[in-house]
file data-v3.txt (compact mmCIF, C-alpha atoms and all ligand atoms)
# COMPACT_ATOMS: atom_id res chain seq x y z
CA MET R 1 -4.83 15.56 29.17
CA PRO R 2 -3.25 12.22 28.14
CA LYS R 3 0.51 12.20 28.48
CA MET R 4 2.63 11.24 25.49
CA GLU R 5 6.32 10.58 25.10
CA THR R 6 7.18 12.38 21.88
CA ALA R 7 10.44 10.46 21.54
CA ASP R 8 8.38 7.27 21.05
CA ILE R 9 6.50 8.62 18.07
CA GLU R 10 7.53 6.97 14.86
CA THR R 11 8.34 9.84 12.52
CA ASP R 12 8.68 9.03 8.88
CA LEU R 13 11.16 11.37 7.23
CA SER R 14 10.14 10.41 3.69
CA LEU R 15 8.13 12.79 1.50
CA PHE R 16 5.16 10.43 1.54
CA LYS R 17 3.96 10.30 5.08
CA TYR R 18 1.90 7.15 4.54
CA ASP R 19 3.56 4.04 3.23
CA ASN R 20 0.31 2.20 2.46
CA LEU R 21 0.27 4.00 -0.85
CA GLU R 22 -2.01 2.25 -3.33
CA GLN R 23 -1.51 2.75 -7.03
CA LEU R 24 -4.42 3.51 -9.32
CA PRO R 25 -5.64 0.31 -11.03
CA GLU R 26 -5.04 0.20 -14.78
CA ALA R 27 -8.78 0.32 -15.56
CA TYR R 28 -9.02 3.79 -13.99
CA ARG R 29 -6.21 5.39 -15.99
CA GLY R 30 -7.21 7.66 -18.82
CA LEU R 31 -10.98 7.81 -18.17
CA ASP R 32 -12.58 10.58 -20.18
CA GLU R 33 -14.21 13.43 -18.31
CA ASP R 34 -17.85 12.69 -19.23
CA GLU R 35 -17.62 9.06 -18.23
CA ARG R 36 -15.76 9.93 -15.04
CA THR R 37 -18.30 12.61 -14.07
CA ASP R 38 -21.16 10.13 -14.56
CA ARG R 39 -19.42 7.48 -12.50
CA ILE R 40 -18.52 9.87 -9.66
CA GLU R 41 -22.07 11.21 -9.48
CA THR R 42 -23.53 7.67 -9.58
CA ALA R 43 -21.26 6.58 -6.73
CA LYS R 44 -22.19 9.71 -4.75
CA ARG R 45 -25.88 8.94 -5.18
CA GLU R 46 -25.40 5.34 -4.07
CA LEU R 47 -23.45 6.36 -0.99
CA GLY R 48 -25.94 9.14 -0.13
CA ASP R 49 -25.63 10.46 3.42
CA ASP R 50 -22.84 8.01 4.17
CA LEU R 51 -20.47 10.22 2.18
CA VAL R 52 -19.22 13.78 2.34
CA ILE R 53 -16.58 15.13 -0.05
CA LEU R 54 -14.48 18.07 1.18
CA GLY R 55 -12.46 20.06 -1.37
CA HIS R 56 -9.71 22.55 -0.62
CA ASN R 57 -9.70 25.74 -2.70
CA TYR R 58 -6.49 24.59 -4.45
CA GLN R 59 -7.98 21.41 -5.86
CA ARG R 60 -8.52 20.97 -9.58
CA ARG R 61 -11.85 21.91 -11.14
CA GLU R 62 -12.66 18.20 -11.66
CA ILE R 63 -12.44 17.70 -7.89
CA VAL R 64 -14.13 20.85 -6.54
CA ASP R 65 -17.01 20.30 -8.98
CA HIS R 66 -17.90 17.15 -7.01
CA ALA R 67 -17.23 18.50 -3.52
CA ASP R 68 -20.03 19.02 -0.98
CA PHE R 69 -17.98 21.76 0.68
CA ILE R 70 -15.17 23.87 -0.76
CA GLY R 71 -13.09 26.02 1.53
CA ASP R 72 -9.85 26.93 3.27
CA SER R 73 -8.11 24.74 5.84
CA TYR R 74 -10.06 26.23 8.73
CA GLN R 75 -13.49 25.89 7.10
CA LEU R 76 -12.78 22.31 6.06
CA SER R 77 -11.70 21.36 9.58
CA VAL R 78 -15.01 22.81 10.88
CA GLU R 79 -16.94 20.88 8.18
CA ALA R 80 -15.08 17.69 9.13
CA ALA R 81 -15.90 18.26 12.82
CA ASN R 82 -19.60 18.72 11.95
CA ALA R 83 -19.83 15.87 9.44
CA ASP R 84 -22.13 12.94 10.29
CA ALA R 85 -21.19 10.88 7.25
CA GLU R 86 -19.47 7.54 7.69
CA TYR R 87 -16.95 8.41 4.96
CA VAL R 88 -15.15 11.74 4.63
CA VAL R 89 -13.33 11.84 1.30
CA PHE R 90 -10.79 14.65 1.44
CA GLY R 91 -9.73 16.56 -1.65
CA GLY R 92 -6.63 18.10 -0.15
CA VAL R 93 -3.23 17.10 1.22
CA THR R 94 -2.13 14.63 3.87
CA PHE R 95 -2.02 17.03 6.82
CA MET R 96 -5.59 18.16 6.08
CA ALA R 97 -6.87 14.58 5.92
CA GLU R 98 -5.00 13.77 9.15
CA SER R 99 -6.65 16.76 10.81
CA ALA R 100 -10.06 15.55 9.58
CA ASP R 101 -9.36 12.10 11.04
CA ILE R 102 -8.34 13.66 14.35
CA ILE R 103 -11.45 15.77 14.59
CA THR R 104 -14.05 13.24 13.39
CA ASP R 105 -15.49 10.44 15.54
CA ASP R 106 -13.76 7.06 15.75
CA ASP R 107 -16.48 5.39 13.66
CA GLN R 108 -15.94 7.77 10.74
CA THR R 109 -13.37 6.97 8.06
CA VAL R 110 -11.27 9.59 6.28
CA ILE R 111 -10.04 8.79 2.78
CA LEU R 112 -7.39 10.70 0.83
CA PRO R 113 -7.82 9.67 -2.82
CA SER R 114 -4.06 9.70 -3.44
CA MET R 115 -1.53 9.15 -0.66
CA GLU R 116 1.09 11.08 -2.64
CA ALA R 117 -0.50 14.41 -1.77
CA SER R 118 2.10 15.49 0.81
CA CYS R 119 2.73 19.19 1.47
CA PRO R 120 6.50 19.86 1.43
CA MET R 121 6.16 22.64 4.01
CA ALA R 122 4.58 20.25 6.52
CA GLY R 123 7.65 18.04 6.09
CA MET R 124 9.97 20.91 7.03
CA ALA R 125 9.28 20.57 10.75
CA GLU R 126 9.47 16.98 11.94
CA ALA R 127 8.29 16.39 15.50
CA LEU R 128 11.57 14.78 16.58
CA GLN R 129 13.58 17.66 15.14
CA VAL R 130 11.31 20.18 16.90
CA ASP R 131 11.63 18.22 20.14
CA ALA R 132 15.43 18.64 20.01
CA ALA R 133 15.19 22.36 19.21
CA TRP R 134 12.63 22.79 21.99
CA ALA R 135 15.04 21.32 24.54
CA GLU R 136 17.76 23.79 23.49
CA ILE R 137 15.55 26.88 23.32
CA THR R 138 13.70 26.26 26.59
CA ALA R 139 17.04 25.62 28.32
CA ALA R 140 18.28 28.97 26.99
CA ALA R 141 15.24 30.79 28.48
CA PRO R 142 14.61 28.99 31.80
CA ASP R 143 12.45 31.79 33.21
CA ALA R 144 10.20 32.20 30.17
CA ASP R 145 7.02 30.30 29.31
CA ILE R 146 7.32 29.49 25.62
CA ILE R 147 4.11 28.48 23.83
CA PRO R 148 4.54 26.40 20.65
CA ILE R 149 2.05 27.16 17.90
CA THR R 150 1.95 25.04 14.80
CA TYR R 151 0.34 26.00 11.54
CA MET R 152 -2.32 23.55 10.37
CA ASN R 153 0.21 22.68 7.62
CA SER R 154 2.04 20.20 9.85
CA TYR R 155 1.74 16.54 10.70
CA ALA R 156 -0.28 15.12 13.57
CA ASP R 157 2.78 14.28 15.65
CA LEU R 158 3.82 17.93 15.70
CA LYS R 159 0.30 19.03 16.61
CA ALA R 160 0.45 16.48 19.45
CA PHE R 161 3.80 17.87 20.57
CA CYS R 162 2.37 21.40 20.69
CA ALA R 163 -0.61 20.24 22.73
CA GLU R 164 1.67 18.52 25.19
CA GLN R 165 3.70 21.68 25.65
CA GLY R 166 0.62 23.88 26.22
CA GLY R 167 0.35 25.14 22.64
CA ALA R 168 -2.21 25.07 19.86
CA VAL R 169 -2.80 24.87 16.12
CA CYS R 170 -3.63 27.85 13.91
CA THR R 171 -4.54 28.39 10.26
CA SER R 172 -3.86 31.36 8.02
CA SER R 173 -7.30 32.74 8.91
CA ASN R 174 -6.78 32.87 12.69
CA ALA R 175 -3.00 33.02 13.29
CA HIS R 176 -3.17 36.48 14.87
CA GLU R 177 -5.92 35.40 17.29
CA VAL R 178 -4.04 32.25 18.25
CA PHE R 179 -0.86 34.32 18.82
CA GLU R 180 -2.85 36.69 21.07
CA TRP R 181 -4.16 33.68 22.99
CA ALA R 182 -0.60 32.32 23.29
CA PHE R 183 0.68 35.59 24.75
CA GLU R 184 -2.07 35.36 27.39
CA GLN R 185 -0.75 31.88 28.29
CA GLY R 186 2.98 32.63 28.26
CA ASP R 187 5.81 35.02 27.38
CA LYS R 188 7.08 33.81 24.01
CA VAL R 189 5.84 31.94 20.94
CA LEU R 190 7.69 29.31 18.93
CA PHE R 191 5.91 29.23 15.57
CA LEU R 192 6.20 26.30 13.15
CA PRO R 193 6.77 25.65 10.30
CA ASP R 194 6.02 28.73 8.09
CA LYS R 195 8.34 31.65 8.80
CA HIS R 196 6.47 33.94 6.41
CA LEU R 197 3.07 33.45 8.03
CA GLY R 198 4.80 33.91 11.38
CA GLU R 199 6.50 37.15 10.31
CA ASN R 200 3.32 38.51 8.73
CA THR R 201 1.39 37.72 11.90
CA ALA R 202 4.04 39.41 14.07
CA HIS R 203 3.64 42.56 11.93
CA ARG R 204 -0.13 42.42 12.24
CA LEU R 205 0.30 42.38 16.02
CA GLY R 206 2.88 45.21 15.98
CA MET R 207 5.57 42.82 17.25
CA GLU R 208 7.89 42.98 14.24
CA ASP R 209 10.81 44.16 16.40
CA SER R 210 10.86 41.00 18.42
CA ILE R 211 11.27 38.23 15.85
CA ALA R 212 14.13 35.74 15.52
CA GLU R 213 14.53 32.90 13.04
CA TRP R 214 15.61 29.41 14.06
CA ASP R 215 17.19 27.53 11.21
CA PRO R 216 17.51 23.87 12.15
CA TRP R 217 19.60 23.12 9.05
CA ASP R 218 22.22 25.88 9.41
CA PRO R 219 24.96 25.24 11.96
CA GLU R 220 26.02 28.88 11.48
CA GLY R 221 22.49 30.12 12.25
CA LYS R 222 21.41 31.87 15.43
CA SER R 223 22.06 30.02 18.68
CA ALA R 224 19.32 29.06 21.13
CA GLU R 225 20.51 31.86 23.43
CA GLU R 226 20.20 34.41 20.62
CA VAL R 227 16.70 33.40 19.50
CA ALA R 228 15.47 33.08 23.08
CA GLU R 229 15.92 36.85 23.48
CA SER R 230 13.02 37.45 21.09
CA ASP R 231 9.30 37.11 21.85
CA ILE R 232 8.50 35.36 18.57
CA ILE R 233 10.76 32.56 17.36
CA LEU R 234 10.10 31.42 13.79
CA TRP R 235 11.01 28.00 12.41
CA ASP R 236 12.68 28.32 9.01
CA GLY R 237 10.00 26.63 6.88
CA TYR R 238 8.25 28.03 3.82
CA CYS R 239 5.98 27.22 0.88
CA GLN R 240 7.68 27.12 -2.53
CA VAL R 241 4.45 28.06 -4.30
CA HIS R 242 4.10 31.29 -2.30
CA GLU R 243 7.79 32.22 -2.01
CA ARG R 244 7.73 32.64 -5.76
CA PHE R 245 5.81 35.94 -5.61
CA ARG R 246 7.96 39.09 -5.61
CA VAL R 247 7.33 42.80 -5.19
CA ASP R 248 8.24 43.43 -8.83
CA HIS R 249 5.30 41.21 -9.85
CA ILE R 250 3.03 43.64 -8.01
CA GLU R 251 4.77 46.63 -9.62
CA GLN R 252 4.40 45.05 -13.05
CA ILE R 253 0.68 44.36 -12.54
CA ARG R 254 0.14 47.96 -11.41
CA ASP R 255 2.03 49.25 -14.47
CA ASP R 256 0.01 47.06 -16.84
CA HIS R 257 -3.34 47.52 -15.03
CA PRO R 258 -3.33 50.86 -13.19
CA ASP R 259 -6.70 50.07 -11.55
CA ALA R 260 -5.67 46.64 -10.32
CA ASN R 261 -5.97 45.67 -6.67
CA VAL R 262 -3.73 42.95 -5.29
CA VAL R 263 -4.64 40.25 -2.77
CA VAL R 264 -2.10 37.67 -1.60
CA HIS R 265 -1.88 34.74 0.80
CA PRO R 266 0.04 35.37 4.07
CA GLU R 267 2.42 32.52 3.18
CA CYS R 268 3.98 35.09 0.80
CA ARG R 269 7.14 36.92 1.83
CA ARG R 270 6.74 39.92 4.15
CA GLU R 271 7.59 42.53 1.50
CA VAL R 272 4.99 41.07 -0.88
CA VAL R 273 2.25 41.17 1.77
CA GLU R 274 3.29 44.73 2.59
CA ALA R 275 3.09 45.83 -1.05
CA ALA R 276 -0.30 44.14 -1.64
CA ASP R 277 -3.65 45.81 -0.95
CA LYS R 278 -4.87 42.85 1.09
CA ALA R 279 -3.68 39.54 2.48
CA GLY R 280 -5.71 36.62 3.74
CA SER R 281 -6.44 32.91 3.74
CA THR R 282 -7.83 31.23 0.64
CA ALA R 283 -11.32 31.84 2.05
CA ALA R 284 -10.56 35.55 2.53
CA ILE R 285 -9.22 35.75 -1.04
CA THR R 286 -12.41 34.10 -2.30
CA GLN R 287 -14.56 36.47 -0.28
CA THR R 288 -12.64 39.47 -1.65
CA ILE R 289 -13.60 38.49 -5.20
CA GLU R 290 -17.18 37.65 -4.19
CA GLU R 291 -17.53 41.15 -2.76
CA ALA R 292 -15.75 42.98 -5.60
CA ASP R 293 -17.85 45.30 -7.78
CA PRO R 294 -18.38 44.22 -11.40
CA GLY R 295 -15.57 45.57 -13.57
CA GLU R 296 -12.99 45.67 -10.75
CA THR R 297 -9.58 44.13 -11.40
CA TRP R 298 -7.92 41.89 -8.82
CA ALA R 299 -4.54 40.20 -9.11
CA ILE R 300 -4.21 37.11 -6.95
CA GLY R 301 -1.01 35.92 -5.30
CA THR R 302 -1.68 32.31 -4.42
CA GLU R 303 -1.82 28.82 -5.91
CA ILE R 304 -3.03 28.98 -9.51
CA HIS R 305 -6.05 26.68 -9.26
CA LEU R 306 -7.82 29.07 -6.90
CA THR R 307 -7.16 31.95 -9.30
CA ASN R 308 -8.61 29.85 -12.14
CA HIS R 309 -11.69 28.95 -10.07
CA LEU R 310 -12.28 32.61 -9.22
CA GLN R 311 -12.03 33.57 -12.90
CA ARG R 312 -14.65 30.93 -13.67
CA TRP R 313 -16.94 31.67 -10.74
CA HIS R 314 -16.80 35.49 -11.12
CA PRO R 315 -16.67 36.46 -14.80
CA GLU R 316 -17.96 39.94 -13.81
CA VAL R 317 -14.60 40.64 -12.10
CA GLU R 318 -11.27 40.75 -13.93
CA VAL R 319 -9.20 38.19 -12.02
CA LEU R 320 -5.50 37.97 -12.89
CA PRO R 321 -2.73 35.66 -11.71
CA LEU R 322 -0.18 37.91 -9.96
CA CYS R 323 2.84 36.57 -11.81
CA GLY R 324 1.15 35.45 -15.04
CA ASP R 325 2.36 32.14 -16.43
CA ALA R 326 4.99 31.91 -13.69
CA CYS R 327 2.27 31.32 -11.05
CA MET R 328 2.54 27.76 -9.81
CA ASP R 329 0.19 25.00 -8.99
CA CYS R 330 0.84 23.01 -5.84
CA ASN R 331 2.36 19.69 -6.76
CA ALA R 332 0.97 18.07 -3.62
CA MET R 333 -2.60 19.24 -4.26
CA ARG R 334 -2.32 18.13 -7.90
CA GLN R 335 -1.82 14.51 -6.82
CA ILE R 336 -5.56 14.28 -6.16
CA ASP R 337 -6.41 13.15 -9.64
CA PRO R 338 -10.12 12.77 -10.55
CA ASN R 339 -9.44 9.20 -11.69
CA TYR R 340 -8.35 8.46 -8.12
CA LEU R 341 -11.56 10.05 -6.84
CA THR R 342 -13.61 7.80 -9.15
CA TRP R 343 -11.73 4.75 -7.91
CA VAL R 344 -12.00 5.39 -4.15
CA LEU R 345 -15.74 6.19 -4.47
CA GLU R 346 -16.52 3.08 -6.53
CA GLU R 347 -14.51 0.99 -4.08
CA LEU R 348 -16.63 2.39 -1.22
CA VAL R 349 -19.77 1.42 -3.11
CA ALA R 350 -18.31 -2.08 -3.38
CA GLY R 351 -17.67 -2.09 0.38
CA ARG R 352 -13.88 -1.59 0.20
CA GLU R 353 -12.02 1.28 1.86
CA ARG R 354 -8.93 2.51 -0.02
CA ASN R 355 -6.27 5.00 1.06
CA VAL R 356 -7.56 5.44 4.58
CA ILE R 357 -5.84 8.08 6.73
CA GLU R 358 -5.70 6.93 10.30
CA VAL R 359 -3.70 8.75 12.95
CA ALA R 360 -2.52 6.56 15.84
CA HIS R 361 -4.92 6.83 18.75
CA GLN R 362 -2.66 8.43 21.38
CA GLU R 363 -1.22 10.91 18.89
CA ALA R 364 -4.71 11.77 17.60
CA GLU R 365 -6.02 12.41 21.11
CA LEU R 366 -3.26 14.90 21.85
CA ALA R 367 -3.37 16.54 18.43
CA ASN R 368 -7.11 16.95 18.96
CA VAL R 369 -6.38 18.98 22.09
CA ALA R 370 -4.31 21.43 20.00
CA MET R 371 -7.01 21.57 17.31
CA GLU R 372 -9.82 22.07 19.83
CA ARG R 373 -7.89 24.92 21.44
CA MET R 374 -7.85 26.63 18.04
CA LEU R 375 -11.53 26.00 17.39
CA GLU R 376 -12.42 27.49 20.78
CA ILE R 377 -10.39 30.70 20.26
P1 LIG A 1 -5.62 28.13 3.64
O1 LIG A 1 -5.70 27.76 5.08
O2 LIG A 1 -5.60 29.62 3.47
O3 LIG A 1 -6.66 27.45 2.85
O4 LIG A 1 -4.19 27.69 3.10
C1 LIG A 1 -3.76 26.38 3.06
C2 LIG A 1 -2.53 26.24 2.30
O5 LIG A 1 -1.99 25.18 2.16
C3 LIG A 1 -1.94 27.43 1.73
O6 LIG A 1 -0.82 27.08 1.00
FE1 LIG A 2 1.79 23.09 1.14
FE2 LIG A 2 2.32 25.30 -0.26
FE3 LIG A 2 0.88 23.33 -1.34
FE4 LIG A 2 -0.15 24.89 0.60
S1 LIG A 2 0.45 25.51 -1.47
S2 LIG A 2 -0.30 22.64 0.46
S3 LIG A 2 1.70 25.19 1.87
S4 LIG A 2 3.04 23.23 -0.71

call {"tool": "encode", "arguments": {"input": "data-v3.txt", "output": "C-alpha cells"}}
result
Amino acid sequence: MPKMETADIETDLSLFKYDNLEQLPEAYRGLDEDERTDRIETAKRELGDDLVILGHNYQRREIVDHADFIGDSYQLSVEAANADAEYVVFGGVTFMAESADIITDDDQTVILPSMEASCPMAGMAEALQVDAAWAEITAAAPDADIIPITYMNSYADLKAFCAEQGGAVCTSSNAHEVFEWAFEQGDKVLFLPDKHLGENTAHRLGMEDSIAEWDPWDPEGKSAEEVAESDIILWDGYCQVHERFRVDHIEQIRDDHPDANVVVHPECRREVVEAADKAGSTAAITQTIEEADPGETWAIGTEIHLTNHLQRWHPEVEVLPLCGDACMDCNAMRQIDPNYLTWVLEELVAGRERNVIEVAHQEAELANVAMERMLEI
C-alpha cells in the first residue's frame, strides 16, 4: 500500500471544500422547466455513451428525472465503479463526487454541477483533527488494535487516513458488516463522523454497553483514557436534517394514523430508531415502500425530497413525512440546481469541463484502498 504522511495533506477548513467554485453564467439563470428539460435531454443525446448521470435519492425531482441511476451512497459508488463513460456527472454532494473520482479510472472525469454542495457532517471530522485525536487515543490504549472506520460522508483525506491505519469506509447500508470486519482485524473501532449511525450500529451488534463518545470540541469531554476503555469510540458528528426527528413525532403519527408504519434513516437519534418499525439507508427506505401493499401507510424519517419522490412514485401507498412541514431538505443537496446541470452538460457538448472534482493522486490511491475494502466486505 502506498505510504502517505497525513500531516502533509492540505486540509481546507472552509465549508466549500473546493475553491475552484464557478458561478452559474447569467444566461442560465431563470430557465423555465420545459426549455431546460429539452436542453438537458438534447445534451444527453449528443454526449451519448460518453456520459452517465448519477442521482442521489435526496436530489430534486428536476435532477433525478434526468439521472441514469438513482440510489443511495453505496449503490452510486458501485455504479461509479462500473461506469465506462468518460464523464460522470454527479447529482449529489462533494464527498460523493470525490468518492466517484477515487473509484473511477484516471481517464474518467467526475463533474459536480455546483461546487457549493458540501455536506456539513463531512466537515465535522477533518483529517488533521482526527490525526491529533488518533495520537491521543492510541497512546491511551497501547495494547489495543484500534481500527478507524469512516462513514462515506467524509472527505477523501479522512478516507485515506483510515486506509493508512488499517481501516475502511462504510455506508449506512453496510455499517454493521464493516464493524464486524473491523472486529476481526482488531480490538476496538473508532467511528467517524456520525455518532448516531455509530450508536445505532453498536446496538444492532449488541455492543451498546461498550460505547464512548469523543467530542473534539469540548475540553470538558471524556479524556482519551476514558474513551479508550470502550470497544466503540464515536466521533461527535451528526446530521442536522436527521437530528430533527424526535420520538414525539412518531407518537403523533401513530395517534393521527393508527395503522401507520414508520421507517427512518440510521442517522436519526438512537431513541427515534428504537421507536420506529424499521431503519435503513435511503435504498432500504425506497425498497420498503416498493414492497408495501397498496393502501398501507408509511411515515418516513429522512430528507424530504426522498419522501416526495416516494409519494410520486408510489401513489398506491400512503407516504407521509414523519414530522410534517417541519421535515427538512438538505441544504447541501439542494445546491445542485437544474440550471447548473443544464450548464455543465452544454459545456461538455462544447468540449469544456466545468466544476471537475479531482482528488490528489496520492490521497485518492489511499482512499481507494479504504473504499475497496468496503466493496469487498
Ligand atoms: P444513504 O447512504 O442512505 O443514501 O445516505 C446518505 C446521506 O447523506 C444520508 O444523509
Ligand atoms: Fe450530509 Fe445530512 Fe445532507 Fe446527508 S442529509 S448529505 S448527512 S447534511

call {"tool": "residues_near_ligand", "arguments": {"input": "data-v3.txt", "ligand": "ligand LIG 1 (chain A)", "cutoff": "8 Å", "atoms": "only C-alpha atoms and all ligand atoms", "output": "number ranges by chain"}}
result
R: 56-58, 71-74, 119, 152-153, 171-173, 239, 241-242, 265, 267, 280-284, 302-303

call {"tool": "atom_distance", "arguments": {"input": "data-v3.txt", "atom1": "atom CA of R:Met374", "atom2": "atom CA of R:Trp181"}}
result
9.4 Å

call {"tool": "atom_distance", "arguments": {"input": "data-v3.txt", "atom1": "atom CA of R:Thr94", "atom2": "atom CA of R:Ile285"}}
result
22.8 Å

call {"tool": "closest_residue", "arguments": {"input": "data-v3.txt", "among": "R:Arg269, R:His196, R:Arg354, R:His361", "to": "R:Arg246", "atoms": "all atoms listed in the file"}}
result
R:Arg269

call {"tool": "closest_residue", "arguments": {"input": "data-v3.txt", "among": "R:Lys222, R:His176, R:Glu316, R:Asn308", "to": "R:Gly206", "atoms": "all atoms listed in the file"}}
result
R:His176

call {"tool": "axis_aligned_box", "arguments": {"input": "data-v3.txt", "around": "ligand LIG 2 (chain A)", "padding_each_side": "3 Å", "output": "lines of an AutoDock Vina configuration file"}}
result
center_x = 1.4
center_y = 24.1
center_z = 0.2
size_x = 9.3
size_y = 8.9
size_z = 9.3

call {"tool": "residues_near_point", "arguments": {"input": "data-v3.txt", "point": "(9.1, 29.6, 4.2)", "cutoff": "9 Å", "atoms": "only C-alpha atoms", "output": "PDB file with C-alpha atoms, keeping the file's coordinate frame"}}
result
ATOM      1  CA  MET R 121       6.160  22.640   4.010  1.00  0.00           C
ATOM      2  CA  PRO R 193       6.770  25.650  10.300  1.00  0.00           C
ATOM      3  CA  ASP R 194       6.020  28.730   8.090  1.00  0.00           C
ATOM      4  CA  LYS R 195       8.340  31.650   8.800  1.00  0.00           C
ATOM      5  CA  HIS R 196       6.470  33.940   6.410  1.00  0.00           C
ATOM      6  CA  LEU R 197       3.070  33.450   8.030  1.00  0.00           C
ATOM      7  CA  TRP R 235      11.010  28.000  12.410  1.00  0.00           C
ATOM      8  CA  ASP R 236      12.680  28.320   9.010  1.00  0.00           C
ATOM      9  CA  GLY R 237      10.000  26.630   6.880  1.00  0.00           C
ATOM     10  CA  TYR R 238       8.250  28.030   3.820  1.00  0.00           C
ATOM     11  CA  CYS R 239       5.980  27.220   0.880  1.00  0.00           C
ATOM     12  CA  GLN R 240       7.680  27.120  -2.530  1.00  0.00           C
ATOM     13  CA  HIS R 242       4.100  31.290  -2.300  1.00  0.00           C
ATOM     14  CA  GLU R 243       7.790  32.220  -2.010  1.00  0.00           C
ATOM     15  CA  GLU R 267       2.420  32.520   3.180  1.00  0.00           C
ATOM     16  CA  CYS R 268       3.980  35.090   0.800  1.00  0.00           C
ATOM     17  CA  ARG R 269       7.140  36.920   1.830  1.00  0.00           C
TER      18      ARG R 269
END

call {"tool": "closest_residue", "arguments": {"input": "data-v3.txt", "among": "R:Gln335, R:Asn355, R:Ser210, R:Gln362", "to": "ligand LIG 2 (chain A)", "atoms": "only C-alpha atoms and all ligand atoms"}}
result
R:Gln335

call {"tool": "atom_distance", "arguments": {"input": "data-v3.txt", "atom1": "atom CA of R:Ala85", "atom2": "atom CA of R:Arg61"}}
result
23.4 Å

call {"tool": "closest_residue", "arguments": {"input": "data-v3.txt", "among": "R:Asp215, R:Asp329, R:Asp32, R:Asp337", "to": "ligand LIG 2 (chain A)", "atoms": "all atoms listed in the file"}}
result
R:Asp329

call {"tool": "residues_around", "arguments": {"input": "data-v3.txt", "residues": "R:Val189", "least_positions_apart": "5", "cutoff": "12 Å", "atoms": "only C-alpha atoms", "output": "ChimeraX atom specification"}}
result
/R:134,137-138,144-150,162,165-168,175-176,178-184,198-199,201-202,207,210-213,227-235

call {"tool": "write_last_selection", "arguments": {"input": "data-v3.txt", "atoms": "C-alpha atoms", "output": "short mmCIF file (atom, residue, chain, number, x, y, z; two decimals), in the coordinates of the input"}}
result
data_model
loop_
_atom_site.label_atom_id
_atom_site.label_comp_id
_atom_site.auth_asym_id
_atom_site.auth_seq_id
_atom_site.Cartn_x
_atom_site.Cartn_y
_atom_site.Cartn_z
CA TRP R 134 12.63 22.79 21.99
CA ILE R 137 15.55 26.88 23.32
CA THR R 138 13.70 26.26 26.59
CA ALA R 144 10.20 32.20 30.17
CA ASP R 145 7.02 30.30 29.31
CA ILE R 146 7.32 29.49 25.62
CA ILE R 147 4.11 28.48 23.83
CA PRO R 148 4.54 26.40 20.65
CA ILE R 149 2.05 27.16 17.90
CA THR R 150 1.95 25.04 14.80
CA CYS R 162 2.37 21.40 20.69
CA GLN R 165 3.70 21.68 25.65
CA GLY R 166 0.62 23.88 26.22
CA GLY R 167 0.35 25.14 22.64
CA ALA R 168 -2.21 25.07 19.86
CA ALA R 175 -3.00 33.02 13.29
CA HIS R 176 -3.17 36.48 14.87
CA VAL R 178 -4.04 32.25 18.25
CA PHE R 179 -0.86 34.32 18.82
CA GLU R 180 -2.85 36.69 21.07
CA TRP R 181 -4.16 33.68 22.99
CA ALA R 182 -0.60 32.32 23.29
CA PHE R 183 0.68 35.59 24.75
CA GLU R 184 -2.07 35.36 27.39
CA GLY R 198 4.80 33.91 11.38
CA GLU R 199 6.50 37.15 10.31
CA THR R 201 1.39 37.72 11.90
CA ALA R 202 4.04 39.41 14.07
CA MET R 207 5.57 42.82 17.25
CA SER R 210 10.86 41.00 18.42
CA ILE R 211 11.27 38.23 15.85
CA ALA R 212 14.13 35.74 15.52
CA GLU R 213 14.53 32.90 13.04
CA VAL R 227 16.70 33.40 19.50
CA ALA R 228 15.47 33.08 23.08
CA GLU R 229 15.92 36.85 23.48
CA SER R 230 13.02 37.45 21.09
CA ASP R 231 9.30 37.11 21.85
CA ILE R 232 8.50 35.36 18.57
CA ILE R 233 10.76 32.56 17.36
CA LEU R 234 10.10 31.42 13.79
CA TRP R 235 11.01 28.00 12.41
#

call {"tool": "closest_residue", "arguments": {"input": "data-v3.txt", "among": "R:Arg373, R:Ala117, R:Thr42, R:Pro219", "to": "ligand LIG 2 (chain A)", "atoms": "only C-alpha atoms and all ligand atoms"}}
result
R:Ala117

call {"tool": "residues_around", "arguments": {"input": "data-v3.txt", "residues": "R:Asp131", "least_positions_apart": "3", "cutoff": "10 Å", "atoms": "all atoms listed in the file", "output": "list in words"}}
result
Thr6, Ala7, Ala125, Glu126, Ala127, Leu128, Trp134, Ala135, Glu136, Leu158, Phe161 and Cys162 of chain R

call {"tool": "residues_around", "arguments": {"input": "data-v3.txt", "residues": "R:Asp107", "least_positions_apart": "2", "cutoff": "8 Å", "atoms": "only C-alpha atoms", "output": "tab-separated table (two decimals) with C-alpha atoms, in the frame of the given file"}}
result
chain	number	residue	atom	x	y	z
R	86	GLU	CA	-19.47	7.54	7.69
R	105	ASP	CA	-15.49	10.44	15.54
R	109	THR	CA	-13.37	6.97	8.06

call {"tool": "residues_around", "arguments": {"input": "data-v3.txt", "residues": "stretch 19-25 of chain R", "least_positions_apart": "3", "cutoff": "8 Å", "atoms": "only C-alpha atoms", "output": "VMD selection string"}}
result
chain R and resid 16 28 to 29 114 to 116 339 to 340 343 354 to 355

call {"tool": "closest_residue", "arguments": {"input": "data-v3.txt", "among": "R:Ala97, R:Asn174, R:Leu366, R:Pro321", "to": "ligand LIG 2 (chain A)", "atoms": "only C-alpha atoms and all ligand atoms"}}
result
R:Ala97

call {"tool": "residues_around", "arguments": {"input": "data-v3.txt", "residues": "R:Glu365", "least_positions_apart": "3", "cutoff": "8 Å", "atoms": "all atoms listed in the file", "output": "ChimeraX atom specification"}}
result
/R:2,102,160,361-362,368-369
